[in-house]
>>> print(open('structure-v1.tsv').read())   # TSV, C-alpha atoms
chain	number	residue	atom	x	y	z
A	1059	MET	CA	35.96	-7.29	-15.10
A	1060	ILE	CA	33.63	-4.29	-14.98
A	1061	PHE	CA	30.82	-6.58	-13.86
A	1062	TRP	CA	32.84	-7.97	-11.01
A	1063	THR	CA	33.76	-4.45	-9.92
A	1064	ARG	CA	30.07	-3.56	-9.91
A	1065	GLU	CA	29.21	-6.67	-8.01
A	1066	ILE	CA	31.81	-5.97	-5.34
A	1067	ALA	CA	30.57	-2.37	-5.12
A	1068	GLY	CA	27.01	-3.70	-4.74
A	1069	TRP	CA	27.96	-6.01	-1.89
A	1070	LEU	CA	29.86	-3.19	-0.19
A	1071	LEU	CA	26.77	-1.02	-0.45
A	1072	VAL	CA	24.64	-3.82	1.00
A	1073	GLY	CA	27.06	-4.06	3.91
A	1074	LEU	CA	26.89	-0.30	4.41
A	1075	ALA	CA	23.09	-0.45	4.31
A	1076	LEU	CA	23.00	-3.16	6.96
A	1077	TYR	CA	25.30	-1.04	9.13
A	1078	LEU	CA	22.99	1.97	8.70
A	1079	ILE	CA	19.92	-0.11	9.57
A	1080	ARG	CA	21.70	-1.44	12.63
A	1081	MET	CA	22.54	2.15	13.61
A	1082	GLY	CA	18.89	3.12	13.26
A	1083	LEU	CA	17.82	0.22	15.46
A	1084	GLU	CA	20.46	1.26	17.99
A	1085	PHE	CA	18.93	4.74	18.12
A	1086	LEU	CA	15.56	3.16	18.86
A	1087	THR	CA	16.78	0.78	21.53
A	1088	ASP	CA	18.65	3.46	23.45
A	1089	PHE	CA	16.05	3.75	26.21
A	1090	ALA	CA	17.85	6.50	28.13
A	1091	ASN	CA	17.91	8.85	25.15
A	1092	PRO	CA	15.77	7.52	22.30
A	1093	LYS	CA	16.30	9.28	18.96
A	1094	ILE	CA	13.18	8.39	17.04
A	1095	VAL	CA	13.36	10.98	14.27
A	1096	GLU	CA	17.06	10.36	13.66
A	1097	ALA	CA	16.37	6.63	13.56
A	1098	GLY	CA	13.76	7.18	10.85
A	1099	ILE	CA	16.16	9.21	8.73
A	1100	VAL	CA	19.00	6.73	9.12
A	1101	MET	CA	16.71	3.77	8.38
A	1102	LEU	CA	15.34	5.40	5.23
A	1103	THR	CA	18.88	6.15	4.07
A	1104	GLY	CA	19.87	2.58	4.81
A	1105	LEU	CA	16.94	1.23	2.81
A	1106	GLY	CA	17.86	3.49	-0.14
A	1107	VAL	CA	21.47	2.31	-0.05
A	1108	LEU	CA	20.29	-1.29	0.23
A	1109	ARG	CA	18.12	-0.88	-2.85
A	1110	ILE	CA	20.98	0.59	-4.87
A	1111	GLY	CA	23.34	-2.16	-3.73
A	1112	VAL	CA	20.89	-4.92	-4.63
A	1113	LEU	CA	20.27	-3.25	-8.00
A	1114	LEU	CA	24.00	-3.18	-8.74
A	1115	ILE	CA	24.39	-6.84	-7.82
A	1116	ARG	CA	21.42	-7.90	-9.91
A	1117	ILE	CA	22.43	-5.85	-12.93
A	1118	SER	CA	25.97	-7.19	-12.88
A	1119	ALA	CA	24.71	-10.78	-12.58
A	1120	ALA	CA	22.18	-10.32	-15.39
A	1121	ALA	CA	24.67	-8.52	-17.63
A	1122	ARG	CA	27.23	-11.27	-17.08
A	1123	LEU	CA	24.65	-13.86	-18.09
A	1124	CYS	CA	23.81	-11.88	-21.24
A	1125	LEU	CA	27.49	-11.52	-22.13
A	1126	HIS	CA	28.10	-15.20	-21.52
A	1127	GLU	CA	25.25	-16.05	-23.87
A	1128	GLN	CA	26.78	-13.83	-26.56
A	1129	VAL	CA	30.30	-15.22	-26.16
A	1130	VAL	CA	29.45	-18.93	-26.01
A	1131	PRO	CA	27.72	-19.21	-29.45
A	1132	ILE	CA	30.59	-17.30	-31.11
A	1133	ARG	CA	33.10	-19.77	-29.67
A	1134	ALA	CA	30.87	-22.67	-30.66
A	1135	ASP	CA	30.78	-21.43	-34.27
A	1136	ARG	CA	34.56	-21.40	-34.56
A	1137	PRO	CA	36.18	-24.51	-36.08
A	1138	ALA	CA	38.07	-26.72	-33.67
A	1139	GLY	CA	41.74	-25.91	-33.13
A	1140	LYS	CA	41.45	-22.25	-34.07
B	82	MET	CA	-38.29	10.01	-19.72
B	83	ASN	CA	-37.17	6.52	-18.77
B	84	SER	CA	-33.51	6.63	-19.69
B	85	TYR	CA	-30.81	8.24	-17.67
B	86	GLN	CA	-29.25	9.51	-20.87
B	87	ASP	CA	-32.47	11.49	-21.53
B	88	PHE	CA	-31.78	13.69	-18.53
B	89	PRO	CA	-29.84	16.88	-19.19
B	90	GLU	CA	-26.11	16.40	-19.01
B	91	THR	CA	-25.81	19.11	-16.39
B	92	TRP	CA	-28.20	17.19	-14.13
B	93	GLN	CA	-26.18	13.99	-14.58
B	94	ARG	CA	-22.98	15.83	-13.74
B	95	PHE	CA	-24.62	17.49	-10.73
B	96	HIS	CA	-25.83	14.10	-9.55
B	97	GLU	CA	-22.35	12.54	-9.79
B	98	TRP	CA	-20.79	15.61	-8.19
B	99	LEU	CA	-23.31	15.36	-5.33
B	100	ILE	CA	-22.43	11.71	-4.75
B	101	ASN	CA	-18.71	12.51	-4.74
B	102	ILE	CA	-19.18	15.36	-2.30
B	103	THR	CA	-21.33	13.20	0.00
B	104	HIS	CA	-18.68	10.48	-0.01
B	105	LEU	CA	-15.90	12.92	0.73
B	106	VAL	CA	-17.87	14.59	3.53
B	107	VAL	CA	-18.55	11.22	5.16
B	108	ILE	CA	-14.89	10.18	4.83
B	109	GLY	CA	-13.79	13.56	6.18
B	110	LEU	CA	-16.14	13.28	9.16
B	111	VAL	CA	-14.79	9.82	9.98
B	112	LEU	CA	-11.17	10.77	9.38
B	113	TRP	CA	-11.20	13.94	11.43
B	114	PRO	CA	-11.74	12.38	14.88
B	115	LEU	CA	-9.43	9.51	13.99
B	116	LEU	CA	-6.58	11.88	13.18
B	117	PHE	CA	-7.10	14.85	15.44
B	118	ILE	CA	-8.58	13.44	18.63
B	119	GLU	CA	-6.92	15.23	21.56
B	120	SER	CA	-4.73	17.07	19.11
B	121	THR	CA	-3.29	20.53	19.64
B	122	ILE	CA	-2.74	21.29	15.96
B	123	LEU	CA	-4.22	24.57	14.73
B	124	PHE	CA	-7.64	24.33	13.12
B	125	PRO	CA	-6.67	25.78	9.69
B	126	PHE	CA	-3.75	23.34	9.53
B	127	GLN	CA	-6.08	20.47	10.40
B	128	LEU	CA	-8.43	21.55	7.61
B	129	SER	CA	-5.66	21.80	5.01
B	130	LEU	CA	-4.27	18.40	6.01
B	131	LEU	CA	-7.72	16.87	5.76
B	132	ALA	CA	-8.25	18.48	2.34
B	133	ALA	CA	-4.95	17.05	1.10
B	134	LEU	CA	-5.97	13.61	2.29
B	135	LEU	CA	-9.38	13.86	0.62
B	136	ILE	CA	-7.68	14.78	-2.65
B	137	ALA	CA	-5.60	11.61	-2.24
B	138	VAL	CA	-8.80	9.66	-1.54
B	139	LEU	CA	-10.21	10.78	-4.89
B	140	SER	CA	-7.44	8.89	-6.64
B	141	SER	CA	-7.96	5.84	-4.39
B	142	ASN	CA	-4.62	6.47	-2.74
B	143	SER	CA	-5.05	4.70	0.58
B	144	LEU	CA	-1.32	4.89	1.33
B	145	CYS	CA	-1.60	8.60	2.24
B	146	VAL	CA	-4.46	7.91	4.64
B	147	PHE	CA	-2.56	4.99	6.14
B	148	LEU	CA	0.56	7.12	6.68
B	149	ALA	CA	-1.52	9.92	8.20
B	150	LEU	CA	-3.10	7.49	10.67
B	151	GLN	CA	0.32	6.07	11.54
B	152	PHE	CA	1.78	9.54	12.10
B	153	SER	CA	-1.17	10.51	14.25
B	154	LEU	CA	-0.76	7.40	16.41
B	155	PHE	CA	2.99	7.87	16.57
B	156	PHE	CA	2.84	11.41	17.89
B	157	ARG	CA	-0.17	10.93	20.17
B	158	GLU	CA	0.51	7.68	21.92
B	159	PRO	CA	3.51	8.60	24.11
B	160	ARG	CA	1.65	11.61	25.50
B	161	ASN	CA	-1.23	9.67	26.93
B	162	LEU	CA	-0.89	5.95	27.32
B	163	ASP	CA	-4.42	5.42	28.59
B	164	VAL	CA	-6.29	7.10	25.74
B	165	MET	CA	-7.28	3.93	23.98
B	166	GLU	CA	-7.79	0.67	25.74
B	167	GLY	CA	-10.07	-2.31	25.38
B	168	ILE	CA	-13.19	-1.79	23.30
B	169	THR	CA	-12.18	1.77	22.33
B	170	ALA	CA	-8.96	0.52	20.83
B	171	ILE	CA	-10.77	-2.24	18.91
B	172	ALA	CA	-13.32	0.31	17.64
B	173	TYR	CA	-10.52	2.66	16.58
B	174	ALA	CA	-8.66	-0.11	14.75
B	175	THR	CA	-11.87	-1.40	13.12
B	176	ILE	CA	-12.89	2.03	11.87
B	177	SER	CA	-9.36	2.75	10.62
B	178	ILE	CA	-9.07	-0.53	8.72
B	179	ALA	CA	-12.59	-0.21	7.30
B	180	LEU	CA	-11.78	3.32	6.17
B	181	LEU	CA	-8.56	2.19	4.51
B	182	MET	CA	-10.42	-0.63	2.74
B	183	TYR	CA	-13.07	1.81	1.59
B	184	VAL	CA	-10.55	4.36	0.36
B	185	SER	CA	-8.57	1.74	-1.55
B	186	ARG	CA	-11.75	0.73	-3.43
B	187	PHE	CA	-13.16	4.25	-3.55
B	188	ARG	CA	-13.38	4.65	-7.32
B	189	LEU	CA	-14.99	1.28	-7.96
B	190	LEU	CA	-17.54	1.69	-5.18
B	191	ARG	CA	-18.36	5.25	-6.26
B	192	GLU	CA	-19.00	3.99	-9.80
B	193	LYS	CA	-21.35	1.36	-8.41
B	194	LEU	CA	-23.26	3.91	-6.36
B	195	VAL	CA	-23.45	6.30	-9.31
B	196	ALA	CA	-24.73	3.46	-11.49
B	197	LYS	CA	-27.47	2.52	-9.01
B	198	PRO	CA	-29.82	5.50	-9.55
B	199	LYS	CA	-29.05	5.36	-13.28
B	200	GLN	CA	-30.31	1.80	-13.32
B	201	GLN	CA	-33.35	2.78	-11.27
B	202	ILE	CA	-34.22	5.52	-13.73
B	203	ARG	CA	-33.55	3.29	-16.74
B	204	ILE	CA	-35.89	0.59	-15.43
B	205	GLY	CA	-38.58	3.14	-14.64
B	206	PRO	CA	-42.08	2.46	-13.28
B	207	ARG	CA	-42.81	-0.07	-16.01
B	208	GLY	CA	-39.74	-2.10	-15.21
B	209	HIS	CA	-40.65	-2.06	-11.54
B	210	ALA	CA	-44.18	-3.23	-12.36
B	211	ILE	CA	-42.80	-6.14	-14.40
B	212	ALA	CA	-40.31	-6.94	-11.70
B	213	SER	CA	-42.93	-6.86	-8.96
B	214	ALA	CA	-45.23	-9.00	-11.10
B	215	ALA	CA	-42.41	-11.50	-11.40
B	216	GLY	CA	-42.07	-11.41	-7.64
B	217	THR	CA	-38.60	-9.86	-7.63
B	218	ASN	CA	-37.20	-6.39	-7.62
B	219	SER	CA	-34.77	-6.37	-10.50
B	220	MET	CA	-32.96	-3.27	-9.34
B	221	GLU	CA	-32.38	-4.76	-5.92
B	222	ARG	CA	-31.38	-8.06	-7.47
B	223	MET	CA	-28.78	-6.27	-9.57
B	224	HIS	CA	-27.21	-3.88	-7.11
B	225	MET	CA	-28.30	-3.94	-3.51
B	226	PRO	CA	-27.13	-7.46	-2.60
B	227	SER	CA	-23.76	-6.97	-4.23
B	228	ILE	CA	-23.12	-3.67	-2.45
B	229	THR	CA	-24.51	-4.85	0.89
B	230	SER	CA	-22.63	-8.13	0.80
B	231	TRP	CA	-19.45	-6.30	-0.19
B	232	VAL	CA	-19.83	-3.84	2.71
B	233	LEU	CA	-20.65	-6.65	5.16
B	234	ARG	CA	-17.72	-8.73	3.96
B	235	GLN	CA	-15.28	-5.84	4.27
B	236	LEU	CA	-16.67	-4.88	7.69
B	237	SER	CA	-16.33	-8.42	9.02
B	238	ARG	CA	-12.76	-8.57	7.69
B	239	ALA	CA	-11.99	-5.25	9.37
B	240	ILE	CA	-13.35	-6.49	12.70
B	241	ILE	CA	-11.41	-9.76	12.48
B	242	LEU	CA	-8.20	-7.91	11.60
B	243	ALA	CA	-8.72	-5.44	14.43
B	244	VAL	CA	-9.26	-8.21	16.99
B	245	LEU	CA	-6.20	-10.07	15.68
B	246	ALA	CA	-4.14	-6.87	15.87
B	247	GLN	CA	-5.26	-6.37	19.46
B	248	LEU	CA	-4.32	-9.94	20.34
B	249	VAL	CA	-0.90	-9.59	18.74
B	250	ILE	CA	-0.12	-6.19	20.17
B	251	VAL	CA	-0.61	-7.22	23.79
B	252	LEU	CA	1.96	-9.97	23.45
B	253	PRO	CA	5.21	-9.19	25.28
B	254	PRO	CA	7.72	-7.60	25.02
B	255	PHE	CA	6.25	-4.70	23.06
B	256	ALA	CA	2.91	-4.38	24.85
B	257	ARG	CA	2.17	-0.78	25.71
B	258	ASN	CA	1.68	-1.37	29.42
B	259	THR	CA	4.80	-3.45	29.80
B	260	TYR	CA	6.95	-1.03	27.80
B	261	LEU	CA	7.75	1.15	30.79
B	262	ASN	CA	8.73	-1.90	32.80
B	263	VAL	CA	10.91	-3.07	29.95
B	264	GLN	CA	12.83	0.19	30.19
B	265	ARG	CA	13.76	-0.54	33.77
B	266	SER	CA	14.87	-4.07	33.22
B	267	SER	CA	18.48	-4.13	32.09
B	268	VAL	CA	18.28	-7.85	31.31
B	269	ILE	CA	15.43	-7.35	28.87
B	270	GLU	CA	17.14	-4.25	27.52
B	271	SER	CA	20.24	-6.25	26.63
B	272	SER	CA	18.07	-8.97	25.12
B	273	ILE	CA	16.43	-6.36	22.90
B	274	VAL	CA	19.87	-5.17	21.78
B	275	TYR	CA	20.77	-8.77	20.87
B	276	THR	CA	17.45	-9.06	19.07
B	277	THR	CA	18.45	-6.19	16.77
B	278	TRP	CA	21.61	-8.11	15.85
B	279	PHE	CA	19.44	-11.16	15.25
B	280	TRP	CA	17.20	-9.27	12.84
B	281	ILE	CA	20.18	-7.79	11.01
B	282	ALA	CA	21.63	-11.28	10.62
B	283	ILE	CA	18.28	-12.57	9.32
B	284	LEU	CA	18.15	-9.68	6.83
B	285	ALA	CA	21.69	-10.40	5.64
B	286	ILE	CA	20.92	-14.11	5.21
B	287	VAL	CA	17.75	-13.34	3.26
B	288	ILE	CA	19.62	-10.92	0.97
B	289	VAL	CA	22.40	-13.43	0.31
B	290	ALA	CA	19.88	-16.24	-0.36
B	291	VAL	CA	17.84	-14.10	-2.74
B	292	GLU	CA	20.92	-12.94	-4.62
B	293	MET	CA	22.19	-16.52	-4.90
B	294	ALA	CA	18.81	-17.54	-6.31
B	295	TRP	CA	19.03	-14.59	-8.70
B	296	ARG	CA	22.06	-16.18	-10.38
B	297	LYS	CA	19.88	-19.03	-11.63
B	298	LEU	CA	18.22	-16.76	-14.18
B	299	THR	CA	17.92	-17.99	-17.72
B	300	SER	CA	19.56	-15.85	-20.37
B	301	GLN	CA	16.15	-14.69	-21.64
B	302	GLN	CA	15.14	-13.55	-18.18
B	303	ALA	CA	18.48	-11.80	-17.71
B	304	ARG	CA	18.08	-10.00	-21.03
B	305	LEU	CA	14.57	-8.94	-20.12
B	306	TYR	CA	15.73	-7.60	-16.75
B	307	VAL	CA	18.60	-5.64	-18.25
B	308	ARG	CA	16.30	-4.13	-20.85
B	309	ALA	CA	13.75	-3.21	-18.19
B	310	VAL	CA	16.39	-1.54	-16.03
B	311	VAL	CA	17.84	0.38	-18.98
B	312	ALA	CA	14.36	1.54	-20.03
B	313	ASN	CA	13.59	2.48	-16.47
B	314	HIS	CA	16.71	4.57	-16.00
B	315	TYR	CA	17.41	6.07	-19.40
B	316	PHE	CA	14.01	6.23	-21.11
B	317	ARG	CA	11.67	7.86	-18.64
B	318	ASP	CA	9.30	8.92	-21.41
B	319	LEU	CA	8.73	5.28	-22.41
B	320	ARG	CA	8.05	4.45	-18.80
B	321	ALA	CA	5.50	7.27	-18.54
B	322	ILE	CA	3.74	6.05	-21.69
B	323	THR	CA	3.59	2.49	-20.35
B	324	ARG	CA	2.19	3.72	-17.05
B	325	LEU	CA	-0.46	5.74	-18.82
B	326	ARG	CA	-1.44	2.74	-20.92
B	327	ARG	CA	-1.63	0.57	-17.83
B	328	THR	CA	-3.90	3.10	-16.09
B	329	ARG	CA	-6.15	3.30	-19.14
B	330	HIS	CA	-6.26	-0.46	-19.38
B	331	LYS	CA	-7.21	-0.68	-15.69
B	332	ASN	CA	-9.96	1.91	-16.08
B	333	ARG	CA	-11.29	0.06	-19.13
B	334	TRP	CA	-11.26	-3.19	-17.16
B	335	ILE	CA	-13.24	-1.58	-14.32
B	336	ALA	CA	-15.77	-0.18	-16.80
B	337	THR	CA	-16.16	-3.59	-18.48
B	338	LYS	CA	-16.58	-5.30	-15.14
B	339	LEU	CA	-19.26	-2.82	-14.05
B	340	ARG	CA	-21.06	-3.21	-17.38
B	341	SER	CA	-21.06	-6.98	-17.11
B	342	GLU	CA	-22.34	-6.77	-13.52
B	343	ARG	CA	-25.18	-4.53	-14.65
B	344	THR	CA	-26.21	-6.81	-17.48
B	345	GLN	CA	-26.21	-9.93	-15.29
>>> encode(input="structure-v1.tsv", output="structure tokens")
Amino acid sequence: MIFWTREIAGWLLVGLALYLIRMGLEFLTDFANPKIVEAGIVMLTGLGVLRIGVLLIRISAAARLCLHEQVVPIRADRPAGK
Amino acid sequence: MNSYQDFPETWQRFHEWLINITHLVVIGLVLWPLLFIESTILFPFQLSLLAALLIAVLSSNSLCVFLALQFSLFFREPRNLDVMEGITAIAYATISIALLMYVSRFRLLREKLVAKPKQQIRIGPRGHAIASAAGTNSMERMHMPSITSWVLRQLSRAIILAVLAQLVIVLPPFARNTYLNVQRSSVIESSIVYTTWFWIAILAIVIVAVEMAWRKLTSQQARLYVRAVVANHYFRDLRAITRLRRTRHKNRWIATKLRSERTQ
């Protein structure tokens, strides 16, 4: 369950990162009042959040695979019907 | 006194120091106009910035030089749109790319140039006499063609990249001259806004595809990844040791490569 929670948190962070990147691009494309420095800050933050989100997703997927590998042989060792 | 090792150690050190200083002075003289042309930054600040960059160059850190060039372009370009056009722009891009290439290979090239006079001294007049009797100059055969061809190859690459960059950069809609017109056109402005959504969607699709592919890891790969992440986050000392070993291994590899080049 903890892995799924992490995975969901990771996807939420990825969504947040995409929103931040979109906000940064919006700052750049505002021709009347371009905010270049602010865009840089927001984009960097977005990239950091994206990295953390992707890391969470990957770790949860890898940890689930490891756990699955540990659980499956134990079940296979048990006699049938127990 | 035919061997370089026979010279006093202080002389050898002075010789290497002189080569380093010459390199840094040349890089500094090239970098200065590239960074501070038409700049209003105070002279002491320019000097300190240049010194920081040269220190980065010593460790072959071309990223710092690249970022400095980008910052310089970023802050200069809006002020004067007609500063660099045509041949000037190509020359600027060529010099910048060549400088970045040089800085990224600084340590290796410096070793080669330091080794060149050593080889000359080691061969000595007798070696030259034998070489000339054989109809070839062994020192030149060993070093000059490799260095010259390397420089020529890198220079030609830099020129090709600069011309390609020029060709790409004048394509609409982000060409410098058309940028002001783009501002006035509301149709193009809205299309640019839609383009940002397009890129965000592309990014999201790429992330989802990569993460879906990630789930096809084997259990061994998954275990390795988890271990790597744990070591990375909780055992910083192990990470530092591994990095140090990797750097030493790289230095040893460079030394072996240089030695094999000299013996060939």
>>> interface_residues(input="structure-v1.tsv", of="chain A", to="chain B", cutoff="6 Å", atoms="all atoms listed in the file", output="list in words")
Ala1120, Leu1123 and Cys1124 of chain A
>>> write_last_selection(input="structure-v1.tsv", atoms="C-alpha atoms", output="PDB file, keeping the file's coordinate frame")
ATOM      1  CA  ALA A1120      22.180 -10.320 -15.390  1.00  0.00           C
ATOM      2  CA  LEU A1123      24.650 -13.860 -18.090  1.00  0.00           C
ATOM      3  CA  CYS A1124      23.810 -11.880 -21.240  1.00  0.00           C
TER       4      CYS A1124
END
>>> closest_residue(input="structure-v1.tsv", among="A:Leu1083, A:Leu1113, A:Leu1076, A:Ile1099", to="His314 (chain B)", atoms="all atoms listed in the file")
A:Leu1113
>>> atom_distance(input="structure-v1.tsv", atom1="CA of Ser1118 (chain A)", atom2="CA of Leu319 (chain B)")
23.3 Å
>>> closest_residue(input="structure-v1.tsv", among="A:Arg1080, A:Phe1061, A:Glu1096, A:Val1072", to="Val1112 (chain A)", atoms="all atoms listed in the file")
A:Val1072
>>> atom_distance(input="structure-v1.tsv", atom1="CA of Leu134 (chain B)", atom2="CA of Val146 (chain B)")
6.3 Å
